[in-house]
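Q: Data file coords_26.txt (compact mmCIF, N, CA and C atoms and all ligand atoms) is appended below.
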# COMPACT_ATOMS: atom_id res chain seq x y z
N MET A 1 0.85 -1.18 0.00
CA MET A 1 0.00 0.00 0.00
C MET A 1 0.90 1.24 0.00
N THR A 2 0.65 2.12 -0.91
CA THR A 2 1.42 3.37 -0.97
C THR A 2 0.47 4.54 -0.85
N TYR A 3 0.78 5.42 0.05
CA TYR A 3 -0.01 6.62 0.24
C TYR A 3 0.46 7.68 -0.73
N HIS A 4 -0.48 8.34 -1.41
CA HIS A 4 -0.14 9.39 -2.35
C HIS A 4 -0.56 10.74 -1.78
N SER A 5 0.39 11.62 -1.65
CA SER A 5 0.07 12.98 -1.22
C SER A 5 0.09 13.90 -2.43
N ALA A 6 -0.11 15.18 -2.16
CA ALA A 6 -0.11 16.16 -3.25
C ALA A 6 1.24 16.20 -3.95
N THR A 7 2.30 15.77 -3.25
CA THR A 7 3.63 15.82 -3.84
C THR A 7 4.11 14.47 -4.34
N GLY A 8 3.25 13.43 -4.29
CA GLY A 8 3.64 12.13 -4.82
C GLY A 8 3.54 11.05 -3.76
N PRO A 9 3.90 9.83 -4.14
CA PRO A 9 3.79 8.71 -3.19
C PRO A 9 4.81 8.82 -2.07
N ILE A 10 4.34 8.66 -0.86
CA ILE A 10 5.23 8.68 0.29
C ILE A 10 4.80 7.60 1.27
N GLY A 11 5.49 7.51 2.39
CA GLY A 11 5.29 6.39 3.31
C GLY A 11 4.08 6.52 4.20
N ALA A 12 4.10 5.75 5.28
CA ALA A 12 2.97 5.67 6.21
C ALA A 12 2.62 7.03 6.80
N GLU A 13 3.58 7.96 6.82
CA GLU A 13 3.34 9.26 7.43
C GLU A 13 2.73 10.28 6.46
N GLY A 14 2.35 9.85 5.27
CA GLY A 14 1.83 10.79 4.27
C GLY A 14 0.68 11.64 4.77
N ARG A 15 -0.24 11.05 5.50
CA ARG A 15 -1.38 11.80 6.00
C ARG A 15 -0.93 12.93 6.93
N TYR A 16 0.12 12.69 7.71
CA TYR A 16 0.67 13.71 8.61
C TYR A 16 1.06 14.95 7.81
N TRP A 17 1.80 14.75 6.72
CA TRP A 17 2.28 15.88 5.91
C TRP A 17 1.13 16.59 5.22
N ASP A 18 0.19 15.83 4.69
CA ASP A 18 -0.96 16.46 4.04
C ASP A 18 -1.77 17.29 5.02
N ALA A 19 -1.98 16.78 6.23
CA ALA A 19 -2.73 17.54 7.25
C ALA A 19 -1.98 18.82 7.62
N LEU A 20 -0.65 18.72 7.79
CA LEU A 20 0.12 19.92 8.11
C LEU A 20 -0.02 20.96 7.00
N LEU A 21 0.01 20.51 5.75
CA LEU A 21 -0.14 21.44 4.63
C LEU A 21 -1.49 22.15 4.69
N GLU A 22 -2.48 21.49 5.25
CA GLU A 22 -3.82 22.08 5.38
C GLU A 22 -4.00 22.79 6.72
N GLY A 23 -2.92 22.86 7.54
CA GLY A 23 -2.98 23.62 8.78
C GLY A 23 -3.42 22.85 10.01
N ARG A 24 -3.37 21.52 9.96
CA ARG A 24 -3.77 20.71 11.11
C ARG A 24 -2.66 19.72 11.47
N LEU A 25 -2.58 19.39 12.77
CA LEU A 25 -1.75 18.28 13.21
C LEU A 25 -2.65 17.07 13.37
N GLU A 26 -2.35 15.99 12.65
CA GLU A 26 -3.08 14.73 12.81
C GLU A 26 -2.06 13.63 13.08
N LEU A 27 -2.43 12.73 14.01
CA LEU A 27 -1.56 11.61 14.36
C LEU A 27 -2.36 10.32 14.30
N PRO A 28 -1.67 9.20 14.01
CA PRO A 28 -2.37 7.93 13.84
C PRO A 28 -2.54 7.15 15.15
N ARG A 29 -3.75 6.58 15.31
CA ARG A 29 -4.05 5.72 16.45
C ARG A 29 -4.57 4.39 15.90
N CYS A 30 -4.08 3.30 16.44
CA CYS A 30 -4.54 1.97 16.02
C CYS A 30 -6.01 1.82 16.39
N THR A 31 -6.84 1.41 15.41
CA THR A 31 -8.26 1.21 15.71
C THR A 31 -8.49 -0.10 16.45
N GLY A 32 -7.50 -0.98 16.44
CA GLY A 32 -7.65 -2.26 17.15
C GLY A 32 -7.41 -2.15 18.64
N CYS A 33 -6.37 -1.41 19.04
CA CYS A 33 -6.01 -1.38 20.46
C CYS A 33 -5.87 0.04 21.01
N GLY A 34 -5.94 1.06 20.16
CA GLY A 34 -5.87 2.43 20.64
C GLY A 34 -4.46 2.98 20.82
N HIS A 35 -3.44 2.20 20.45
CA HIS A 35 -2.05 2.65 20.62
C HIS A 35 -1.75 3.78 19.63
N TRP A 36 -1.11 4.86 20.14
CA TRP A 36 -0.68 5.97 19.28
C TRP A 36 0.67 5.63 18.69
N HIS A 37 0.84 5.94 17.41
CA HIS A 37 2.11 5.64 16.75
C HIS A 37 2.70 6.91 16.17
N TRP A 38 3.90 7.21 16.58
CA TRP A 38 4.70 8.22 15.91
C TRP A 38 6.15 7.93 16.11
N PRO A 39 6.92 7.77 15.03
CA PRO A 39 6.55 7.90 13.63
C PRO A 39 5.43 6.92 13.24
N ALA A 40 4.73 7.29 12.16
CA ALA A 40 3.63 6.47 11.68
C ALA A 40 4.13 5.11 11.19
N VAL A 41 3.30 4.11 11.32
CA VAL A 41 3.62 2.75 10.88
C VAL A 41 2.44 2.21 10.07
N TRP A 42 2.70 1.23 9.25
CA TRP A 42 1.61 0.55 8.54
C TRP A 42 0.92 -0.44 9.47
N ARG A 43 1.73 -1.12 10.31
CA ARG A 43 1.19 -2.19 11.16
C ARG A 43 1.49 -1.87 12.63
N CYS A 44 0.48 -2.04 13.48
CA CYS A 44 0.62 -1.73 14.90
C CYS A 44 1.61 -2.69 15.57
N SER A 45 2.58 -2.13 16.28
CA SER A 45 3.55 -2.95 16.98
C SER A 45 2.98 -3.53 18.27
N ALA A 46 1.84 -3.01 18.73
CA ALA A 46 1.25 -3.49 19.98
C ALA A 46 0.31 -4.67 19.75
N CYS A 47 -0.52 -4.63 18.69
CA CYS A 47 -1.52 -5.68 18.49
C CYS A 47 -1.43 -6.35 17.11
N GLY A 48 -0.61 -5.80 16.22
CA GLY A 48 -0.48 -6.41 14.90
C GLY A 48 -1.53 -5.94 13.90
N GLY A 49 -2.43 -5.05 14.32
CA GLY A 49 -3.48 -4.57 13.43
C GLY A 49 -2.93 -3.68 12.33
N TRP A 50 -3.68 -3.63 11.23
CA TRP A 50 -3.26 -2.83 10.08
C TRP A 50 -4.02 -1.51 9.96
N ASP A 51 -5.09 -1.33 10.73
CA ASP A 51 -5.95 -0.17 10.55
C ASP A 51 -5.66 0.91 11.59
N HIS A 52 -5.50 2.13 11.09
CA HIS A 52 -5.27 3.28 11.95
C HIS A 52 -6.25 4.38 11.57
N GLU A 53 -6.64 5.16 12.57
CA GLU A 53 -7.41 6.37 12.30
C GLU A 53 -6.52 7.56 12.61
N TRP A 54 -6.69 8.61 11.82
CA TRP A 54 -5.89 9.82 12.01
C TRP A 54 -6.76 10.82 12.76
N VAL A 55 -6.23 11.31 13.90
CA VAL A 55 -7.02 12.15 14.79
C VAL A 55 -6.32 13.50 14.94
N GLU A 56 -7.09 14.58 14.73
CA GLU A 56 -6.53 15.92 14.89
C GLU A 56 -6.16 16.16 16.34
N GLN A 57 -5.02 16.81 16.55
CA GLN A 57 -4.50 17.07 17.90
C GLN A 57 -4.25 18.56 18.09
N PRO A 58 -4.47 19.04 19.31
CA PRO A 58 -4.09 20.43 19.59
C PRO A 58 -2.57 20.55 19.64
N LEU A 59 -2.08 21.71 19.25
CA LEU A 59 -0.63 21.95 19.24
C LEU A 59 -0.20 22.59 20.56
N THR A 60 -0.32 21.80 21.62
CA THR A 60 0.15 22.24 22.93
C THR A 60 0.91 21.10 23.57
N GLY A 61 1.91 21.46 24.39
CA GLY A 61 2.70 20.43 25.05
C GLY A 61 3.67 21.06 26.03
N THR A 62 4.65 20.24 26.44
CA THR A 62 5.71 20.71 27.33
C THR A 62 7.06 20.30 26.75
N VAL A 63 8.08 21.09 27.07
CA VAL A 63 9.42 20.83 26.56
C VAL A 63 9.96 19.56 27.22
N PHE A 64 10.28 18.54 26.39
CA PHE A 64 10.91 17.32 26.89
C PHE A 64 12.42 17.53 26.96
N THR A 65 12.98 18.13 25.90
CA THR A 65 14.38 18.51 25.88
C THR A 65 14.59 19.51 24.75
N TYR A 66 15.76 20.11 24.70
CA TYR A 66 16.03 21.06 23.62
C TYR A 66 17.53 21.17 23.40
N THR A 67 17.90 21.74 22.26
CA THR A 67 19.31 22.01 21.96
C THR A 67 19.39 23.36 21.26
N ARG A 68 20.53 24.00 21.39
CA ARG A 68 20.73 25.31 20.78
C ARG A 68 21.79 25.18 19.69
N THR A 69 21.47 25.67 18.50
CA THR A 69 22.38 25.61 17.36
C THR A 69 23.03 26.96 17.17
N HIS A 70 24.38 26.97 17.16
CA HIS A 70 25.14 28.22 17.00
C HIS A 70 25.79 28.34 15.63
N HIS A 71 26.00 27.22 14.95
CA HIS A 71 26.72 27.23 13.68
C HIS A 71 25.79 26.80 12.55
N PRO A 72 25.92 27.41 11.38
CA PRO A 72 25.06 27.04 10.25
C PRO A 72 25.42 25.66 9.70
N PHE A 73 24.43 24.97 9.22
CA PHE A 73 24.61 23.74 8.44
C PHE A 73 23.43 23.64 7.49
N GLY A 74 23.51 22.71 6.55
CA GLY A 74 22.48 22.59 5.52
C GLY A 74 21.08 22.49 6.10
N GLY A 75 20.19 23.34 5.61
CA GLY A 75 18.81 23.33 6.06
C GLY A 75 18.50 24.34 7.14
N THR A 76 19.54 25.02 7.66
CA THR A 76 19.30 26.00 8.73
C THR A 76 19.47 27.43 8.24
N GLU A 77 19.60 27.61 6.93
CA GLU A 77 19.89 28.94 6.39
C GLU A 77 18.84 29.98 6.79
N ALA A 78 17.61 29.58 6.94
CA ALA A 78 16.53 30.54 7.21
C ALA A 78 16.48 31.00 8.67
N PHE A 79 17.25 30.37 9.55
CA PHE A 79 17.15 30.68 10.98
C PHE A 79 18.31 31.56 11.43
N ALA A 80 18.00 32.62 12.18
CA ALA A 80 19.03 33.43 12.80
C ALA A 80 19.70 32.59 13.89
N LYS A 81 21.04 32.64 13.95
CA LYS A 81 21.76 31.85 14.95
C LYS A 81 22.09 32.73 16.16
N PRO A 82 22.07 32.15 17.36
CA PRO A 82 21.67 30.77 17.62
C PRO A 82 20.15 30.62 17.64
N PHE A 83 19.67 29.40 17.44
CA PHE A 83 18.25 29.11 17.59
C PHE A 83 18.10 27.81 18.38
N ALA A 84 16.95 27.64 18.99
CA ALA A 84 16.70 26.45 19.82
C ALA A 84 15.73 25.52 19.09
N THR A 85 16.05 24.23 19.13
CA THR A 85 15.17 23.19 18.61
C THR A 85 14.64 22.39 19.79
N LEU A 86 13.32 22.24 19.84
CA LEU A 86 12.67 21.60 20.98
C LEU A 86 12.15 20.22 20.60
N VAL A 87 12.21 19.31 21.55
CA VAL A 87 11.43 18.08 21.49
C VAL A 87 10.31 18.27 22.50
N VAL A 88 9.06 18.24 22.01
CA VAL A 88 7.90 18.58 22.83
C VAL A 88 7.02 17.34 23.03
N THR A 89 6.67 17.08 24.28
CA THR A 89 5.69 16.04 24.59
C THR A 89 4.32 16.68 24.50
N LEU A 90 3.48 16.17 23.60
CA LEU A 90 2.14 16.74 23.43
C LEU A 90 1.32 16.52 24.70
N ASP A 91 0.40 17.46 24.96
CA ASP A 91 -0.47 17.35 26.12
C ASP A 91 -1.50 16.23 25.95
N ALA A 92 -2.03 16.07 24.74
CA ALA A 92 -3.20 15.23 24.54
C ALA A 92 -2.88 13.75 24.32
N VAL A 93 -1.70 13.46 23.77
CA VAL A 93 -1.36 12.07 23.44
C VAL A 93 0.11 11.83 23.77
N PRO A 94 0.50 10.57 24.02
CA PRO A 94 1.90 10.28 24.38
C PRO A 94 2.81 10.24 23.16
N VAL A 95 2.99 11.40 22.55
CA VAL A 95 3.82 11.54 21.35
C VAL A 95 4.70 12.76 21.53
N ARG A 96 5.94 12.67 21.04
CA ARG A 96 6.87 13.80 21.07
C ARG A 96 7.17 14.24 19.64
N LEU A 97 7.19 15.57 19.44
CA LEU A 97 7.44 16.14 18.13
C LEU A 97 8.51 17.22 18.21
N VAL A 98 9.27 17.36 17.13
CA VAL A 98 10.39 18.30 17.06
C VAL A 98 9.97 19.56 16.32
N GLY A 99 10.45 20.71 16.79
CA GLY A 99 10.24 21.96 16.08
C GLY A 99 11.15 23.04 16.63
N VAL A 100 11.35 24.08 15.84
CA VAL A 100 12.20 25.20 16.24
C VAL A 100 11.39 26.15 17.11
N LEU A 101 12.06 26.72 18.12
CA LEU A 101 11.44 27.70 19.01
C LEU A 101 11.39 29.05 18.31
N GLU A 102 10.23 29.71 18.38
CA GLU A 102 10.07 31.09 17.92
C GLU A 102 9.94 31.99 19.13
N GLY A 103 10.36 33.23 18.95
CA GLY A 103 10.14 34.22 20.00
C GLY A 103 11.18 34.17 21.10
N ASP A 104 10.84 34.81 22.20
CA ASP A 104 11.74 34.99 23.33
C ASP A 104 12.09 33.65 23.98
N GLU A 105 13.40 33.46 24.27
CA GLU A 105 13.84 32.23 24.93
C GLU A 105 13.75 32.32 26.45
N ALA A 106 13.42 33.49 26.99
CA ALA A 106 13.32 33.62 28.46
C ALA A 106 12.29 32.62 28.97
N GLY A 107 12.71 31.80 29.93
CA GLY A 107 11.81 30.79 30.47
C GLY A 107 11.94 29.43 29.82
N LEU A 108 12.82 29.32 28.80
CA LEU A 108 13.01 28.02 28.16
C LEU A 108 13.69 27.06 29.13
N LYS A 109 13.02 25.97 29.43
CA LYS A 109 13.57 24.93 30.30
C LYS A 109 12.76 23.66 30.09
N ILE A 110 13.33 22.55 30.48
CA ILE A 110 12.61 21.28 30.41
C ILE A 110 11.36 21.39 31.27
N GLY A 111 10.22 21.01 30.70
CA GLY A 111 8.94 21.08 31.40
C GLY A 111 8.15 22.34 31.12
N ALA A 112 8.75 23.31 30.44
CA ALA A 112 8.03 24.56 30.14
C ALA A 112 6.88 24.28 29.17
N PRO A 113 5.71 24.89 29.39
CA PRO A 113 4.60 24.71 28.46
C PRO A 113 4.82 25.51 27.17
N VAL A 114 4.40 24.92 26.05
CA VAL A 114 4.55 25.57 24.75
C VAL A 114 3.27 25.40 23.94
N ALA A 115 3.13 26.29 22.97
CA ALA A 115 2.04 26.18 21.99
C ALA A 115 2.68 26.22 20.61
N GLY A 116 2.11 25.48 19.67
CA GLY A 116 2.71 25.35 18.36
C GLY A 116 1.93 26.04 17.26
N THR A 117 2.64 26.28 16.18
CA THR A 117 2.03 26.74 14.93
C THR A 117 2.66 25.92 13.80
N ILE A 118 2.04 26.00 12.65
CA ILE A 118 2.57 25.29 11.49
C ILE A 118 3.09 26.33 10.50
N ALA A 119 4.39 26.23 10.23
CA ALA A 119 5.05 27.17 9.32
C ALA A 119 5.53 26.39 8.10
N ARG A 120 6.28 27.05 7.26
CA ARG A 120 6.92 26.39 6.12
C ARG A 120 8.42 26.60 6.26
N THR A 121 9.20 25.61 5.81
CA THR A 121 10.64 25.73 5.85
C THR A 121 11.22 25.17 4.56
N ALA A 122 12.38 25.70 4.18
CA ALA A 122 13.05 25.21 2.98
C ALA A 122 13.67 23.86 3.25
N PHE A 123 13.49 22.95 2.31
CA PHE A 123 14.10 21.62 2.41
C PHE A 123 14.57 21.27 1.00
N GLY A 124 15.86 21.48 0.76
CA GLY A 124 16.36 21.33 -0.59
C GLY A 124 15.71 22.38 -1.48
N ASP A 125 15.13 21.95 -2.58
CA ASP A 125 14.47 22.87 -3.50
C ASP A 125 13.00 23.06 -3.17
N ALA A 126 12.50 22.39 -2.15
CA ALA A 126 11.07 22.44 -1.83
C ALA A 126 10.83 23.21 -0.53
N GLU A 127 9.59 23.59 -0.34
CA GLU A 127 9.15 24.13 0.94
C GLU A 127 8.23 23.10 1.56
N ILE A 128 8.52 22.74 2.80
CA ILE A 128 7.70 21.74 3.48
C ILE A 128 7.13 22.35 4.76
N PRO A 129 5.99 21.82 5.24
CA PRO A 129 5.46 22.32 6.50
C PRO A 129 6.34 21.88 7.66
N ALA A 130 6.40 22.72 8.68
CA ALA A 130 7.24 22.42 9.85
C ALA A 130 6.59 23.03 11.09
N LEU A 131 6.76 22.36 12.21
CA LEU A 131 6.23 22.86 13.47
C LEU A 131 7.15 23.92 14.04
N ARG A 132 6.54 24.94 14.63
CA ARG A 132 7.26 25.96 15.40
C ARG A 132 6.61 26.01 16.77
N TRP A 133 7.43 26.21 17.80
CA TRP A 133 6.93 26.27 19.17
C TRP A 133 7.21 27.63 19.76
N ARG A 134 6.32 28.07 20.61
CA ARG A 134 6.47 29.33 21.33
C ARG A 134 6.16 29.06 22.79
N LEU A 135 6.96 29.63 23.69
CA LEU A 135 6.69 29.42 25.11
C LEU A 135 5.33 30.01 25.47
N ALA A 136 4.56 29.23 26.19
CA ALA A 136 3.19 29.64 26.52
C ALA A 136 3.17 30.50 27.78
ZN ZN B 1 -2.94 -1.93 17.87
Please lay out the structure from this file as structure tokens.
Ligand SMILES: [Zn+2]
A:
Amino acid sequence: MTYHSATGPIGAEGRYWDALLEGRLELPRCTGCGHWHWPAVWRCSACGGWDHEWVEQPLTGTVFTYTRTHHPFGGTEAFAKPFATLVVTLDAVPVRLVGVLEGDEAGLKIGAPVAGTIARTAFGDAEIPALRWRLA
């Protein structure tokens, strides 16, 4: 089974990218046992089921960890240095997602609450949707 997005055939996570392009965060949950999967999978590792439903999620969470980038490398051209990249544990489901911090870093620490938005970022010759986090 191959998922086709607006940009062509992609893997199990295709629905994630299409939803982001439309301004929503959606994540897959196994319809057999309710297990949340991220990264997306074709087959549930908990029950072996093949069916998943994609459920819209609010873009709120807490900082699980973060790192600060001081030197440029490929793909970071659009960001003023230094910038912080966060791994955020979502409030609603047991999933962690990565995104760059926007705005003031005052108060940035593990456990800090954040709210997200969906932006676009350069990736090679394309622009792809990307999560951005702001301290709440
Ligand atoms: Zn399952």
Q: Work out how far CA of Val100 in chain A is from CA of Thr121 in chain A, in Å to one decimal.
A: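 Value for the CA of Thr121 in chain A-CA of Val100 in chain A distance: 10.5 Å.
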Q: Place a sphere of radius 8 Å on (-3.0, 16.8, 26.7) in the file coordinates and name every protein, DNA or RNA residue with an atom inside or on its surface, counting all atoms listed in the file; give the answer as a VMD selection string.
A: chain A and resid 58 60 to 61 89 to 94
Q: Can you pull out the residues contacting range 44-52 of chain A? Cut-off 5 Å, using all atoms listed in the file, and skip same-chain residues under 6 positions away; I want them as JSON, numbers by chain.
A: {"A": [29, 30, 31]}
Q: Please return, as a PyMOL selection string, all polymer residues that have at least one atom within 6.5 Å of the point (10.6, 18.1, 21.1); use all atoms listed in the file and the file's own coordinate frame.
A: chain A and resi 63-65+85-89+96-99
Q: Residues at most 8 Å from Leu21 in chain A, counting only N, CA and C atoms, excluding those fewer than 3 positions away in the same chain, as number ranges by chain?
A: A: 15-18, 24-25, 118, 128-130
Q: What does the structure give for the distance between CA of Ile110 in chain A and CA of Leu135 in chain A, in Å to one decimal?
A: 11.4 Å
Q: Taking all atoms listed in the file into account, name the residue in A:His35, A:Gly11, A:Leu27, A:Glu22 that is nearest to ligand ZN 1 (chain B).
A: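 Of A:His35, A:Gly11, A:Leu27, A:Glu22, the one nearest ligand ZN 1 (chain B) is A:His35, counting all atoms listed in the file.
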Q: In Å, rounded to a single decimal, give me how far CA of Pro82 in chain A is from CA of Thr62 in chain A.
A: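 These atoms are spaced 21.2 Å apart.
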